[in-house]
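Participant: The structure is given below, and queries will be raised subsequently.
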Amino acid sequence: MTFDPAYNEPENTEVLVKAVNPGQPAELARLFYAHAGDAGADLRAAEAFDLKPFERALVPTGVAIALPNGYVGLVHPRSGLAVKQGVTVLNAPGTIDAGYRGEIKVPLINLDPERTAHFEVGDRIAQLVIQRYVEARFVPAESLPGSDRAERGFGSTGVA
Ligand SMILES: O=c1ccn([C@H]2C[C@H](O)[C@@H](COP(=O)(O)OP(=O)(O)OP(=O)(O)O)O2)c(=O)[nH]1
């Protein structure tokens with residue numbers, strides 16, 4: 001089934017994707033959306049590894065990308081990995097800057113207290129979401145405009 005075109009906002013941009021290692025399996029360097037309407041394209045492990053309980057590792061993905069200026073790549077966890085294995089992205093969401101041309105790597109952590117998680121080459125470890133960002137002009141100010149929330153935060157509305 002395709003995405004209902006009535007709800008389709010067709011903003012898109014070209015992103016160049018390069019295989020980092022010449023001999024790596026071709027599917028590693030293919031970034032794509034599994035379903036129409038998906039926000040994230042899966043990132044895959046370029047090497048096999050184990051994560052013992054509470055162990056972390058910086059996992060290579062075998063891909064480097066060139067984002068147009070004004071776009072950022074955000075590396076999000078996969079919910080299935082989190083729910084089934086307790087494995088998540090330690091720095092979620094990881095930030096891939098538009099100017100970064102190096103290999104995308106994913107800091108993963110195994111939060112399962114008992115089970116070691118095993119990954120093979122090509123296993124999906126995280127997902128890459130491409131978004132626009134705004135470059136701010138940071139302006140020093142003596143005072144800030146008023147607002148409804150003002151300085152209240154950190155649970156000021158209660159916790160439930
Ligand atoms: O999960 C991540 C996060 C970052 N990066 C790459 C792309 C990013 O553009 C670069 C720098 O990331 P970040 O700004 O988060 O790192 P930093 O710790 O602030 O290091 P730096 O001093 O290099 O900016 O590292 C990844 O490959 N994976």
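Letters for chains follow the order of the structure tokens (A, B, ...), residue numbers begin at 1 for each chain, and ligand numbers begin at 1 in the order shown.
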Any residue with an atom at most 9 Å from ligand 1 counts, using only C-alpha atoms and all ligand atoms. Which are they? Put them as JSON, numbers by chain.

Facilitator: {"A": [58, 60, 61, 64, 72, 73, 74, 75, 76, 89, 90, 91, 92, 93, 94, 95, 96, 97, 98, 99, 100, 101, 102, 103, 104, 105, 106, 107, 108]}

Participant: Would you pick out the contacts of Gly62 of chain A at 10 Å or less, using only C-alpha atoms, so that residues sharing its chain but fewer than 2 positions from it are not included, and give the list as a list in words?

Facilitator: Lys18, Ala19, Val20, Asn21, Pro22, Gln24, Pro25, Ala26, Glu27, Leu28, Ala29, Arg30, Leu43, Arg44, Ala45, Ala46, Glu47, Val59, Pro60, Ala64, Gly102, Glu103, Ile104, Lys105 and Gly122 of chain A

Participant: Put those residues in a file: C-alpha atoms, as a compact mmCIF listing (two decimals), in the first residue's frame.

Facilitator:
# COMPACT_ATOMS: atom_id res chain seq x y z
CA LYS A 18 28.89 6.89 -0.18
CA ALA A 19 30.10 3.42 0.76
CA VAL A 20 32.99 3.87 3.16
CA ASN A 21 34.74 0.55 2.56
CA PRO A 22 35.19 -0.59 -1.06
CA GLN A 24 31.68 -3.97 1.96
CA PRO A 25 28.33 -5.61 1.07
CA ALA A 26 26.42 -3.33 -1.32
CA GLU A 27 23.25 -3.30 0.82
CA LEU A 28 25.09 -1.50 3.62
CA ALA A 29 25.43 1.65 1.53
CA ARG A 30 21.81 1.69 0.42
CA LEU A 43 21.30 2.27 9.47
CA ARG A 44 23.10 -1.09 9.48
CA ALA A 45 26.08 -2.50 11.33
CA ALA A 46 29.20 -2.69 9.14
CA GLU A 47 30.77 -5.23 11.49
CA VAL A 59 29.34 0.91 15.75
CA PRO A 60 30.40 1.76 12.17
CA ALA A 64 29.01 8.57 4.73
CA GLY A 102 32.96 10.99 7.74
CA GLU A 103 31.41 7.59 8.36
CA ILE A 104 28.20 7.64 10.36
CA LYS A 105 28.80 5.74 13.58
CA GLY A 122 23.91 -5.78 7.93

Participant: When DSSP is applied to the backbone of this structure, which of segment 12-151 of chain A are assigned strand (DSSP E or B)? Write them out as a JSON list (two decimals) with C-alpha atoms, in the first residue's frame.

Facilitator:
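Heads up, here's the output in selection-v5.json:
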[["chain", "number", "residue", "atom", "x", "y", "z"],
["A", 16, "LEU", "CA", 24.51, 11.71, -1.54],
["A", 17, "VAL", "CA", 25.40, 8.38, 0.10],
["A", 18, "LYS", "CA", 28.89, 6.89, -0.18],
["A", 19, "ALA", "CA", 30.10, 3.42, 0.76],
["A", 40, "GLY", "CA", 13.63, 7.09, 9.28],
["A", 41, "ALA", "CA", 15.90, 5.07, 6.99],
["A", 42, "ASP", "CA", 17.59, 2.16, 8.74],
["A", 43, "LEU", "CA", 21.30, 2.27, 9.47],
["A", 44, "ARG", "CA", 23.10, -1.09, 9.48],
["A", 49, "PHE", "CA", 29.75, -7.30, 17.49],
["A", 50, "ASP", "CA", 28.41, -8.32, 20.90],
["A", 51, "LEU", "CA", 27.13, -6.03, 23.62],
["A", 56, "ARG", "CA", 28.43, 0.23, 24.94],
["A", 57, "ALA", "CA", 30.14, 0.37, 21.55],
["A", 58, "LEU", "CA", 30.63, 2.87, 18.73],
["A", 59, "VAL", "CA", 29.34, 0.91, 15.75],
["A", 60, "PRO", "CA", 30.40, 1.76, 12.17],
["A", 61, "THR", "CA", 27.63, 1.80, 9.56],
["A", 62, "GLY", "CA", 29.74, 1.78, 6.38],
["A", 63, "VAL", "CA", 28.07, 4.93, 5.04],
["A", 64, "ALA", "CA", 29.01, 8.57, 4.73],
["A", 65, "ILE", "CA", 26.54, 11.17, 3.47],
["A", 66, "ALA", "CA", 26.54, 14.74, 2.20],
["A", 71, "TYR", "CA", 19.50, 19.90, 6.77],
["A", 72, "VAL", "CA", 20.53, 17.71, 9.71],
["A", 73, "GLY", "CA", 20.54, 13.95, 10.13],
["A", 74, "LEU", "CA", 19.24, 12.67, 13.46],
["A", 75, "VAL", "CA", 20.19, 9.14, 14.52],
["A", 76, "HIS", "CA", 17.27, 7.67, 16.43],
["A", 87, "VAL", "CA", 19.55, -1.89, 23.09],
["A", 88, "THR", "CA", 19.32, 1.83, 22.38],
["A", 89, "VAL", "CA", 21.30, 4.78, 21.02],
["A", 94, "GLY", "CA", 22.80, 11.61, 17.42],
["A", 95, "THR", "CA", 23.45, 14.68, 15.28],
["A", 96, "ILE", "CA", 24.88, 14.34, 11.77],
["A", 103, "GLU", "CA", 31.41, 7.59, 8.36],
["A", 104, "ILE", "CA", 28.20, 7.64, 10.36],
["A", 105, "LYS", "CA", 28.80, 5.74, 13.58],
["A", 106, "VAL", "CA", 26.24, 4.81, 16.19],
["A", 107, "PRO", "CA", 26.98, 4.72, 19.93],
["A", 108, "LEU", "CA", 24.83, 1.81, 21.11],
["A", 109, "ILE", "CA", 24.29, 0.61, 24.67],
["A", 110, "ASN", "CA", 22.77, -2.61, 25.97],
["A", 117, "ALA", "CA", 23.00, -8.79, 22.41],
["A", 118, "HIS", "CA", 24.63, -10.14, 19.26],
["A", 119, "PHE", "CA", 24.71, -8.29, 15.93],
["A", 124, "ARG", "CA", 19.65, -2.72, 11.46],
["A", 125, "ILE", "CA", 20.89, -0.83, 14.51],
["A", 126, "ALA", "CA", 19.33, 2.65, 14.31],
["A", 127, "GLN", "CA", 17.43, 4.92, 11.94],
["A", 128, "LEU", "CA", 18.38, 8.17, 10.26],
["A", 129, "VAL", "CA", 15.82, 10.98, 10.13],
["A", 130, "ILE", "CA", 16.60, 13.96, 7.89],
["A", 131, "GLN", "CA", 15.20, 17.30, 9.00],
["A", 132, "ARG", "CA", 15.55, 20.94, 8.19]]

Participant: If you measure from atom CA of Pro113 of chain A to atom CA of Ser79 of chain A, what distance in Å do you get, rounded to one decimal?

Facilitator: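 Interatomic distance here is 17.9 Å.
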
Participant: Taking only C-alpha atoms into account, which of A:Glu55, A:Asp112, A:Glu151, A:Glu142 comes nearest Leu81 of chain A?

Facilitator: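 Counting only C-alpha atoms, the residue closest to Leu81 of chain A is A:Asp112.
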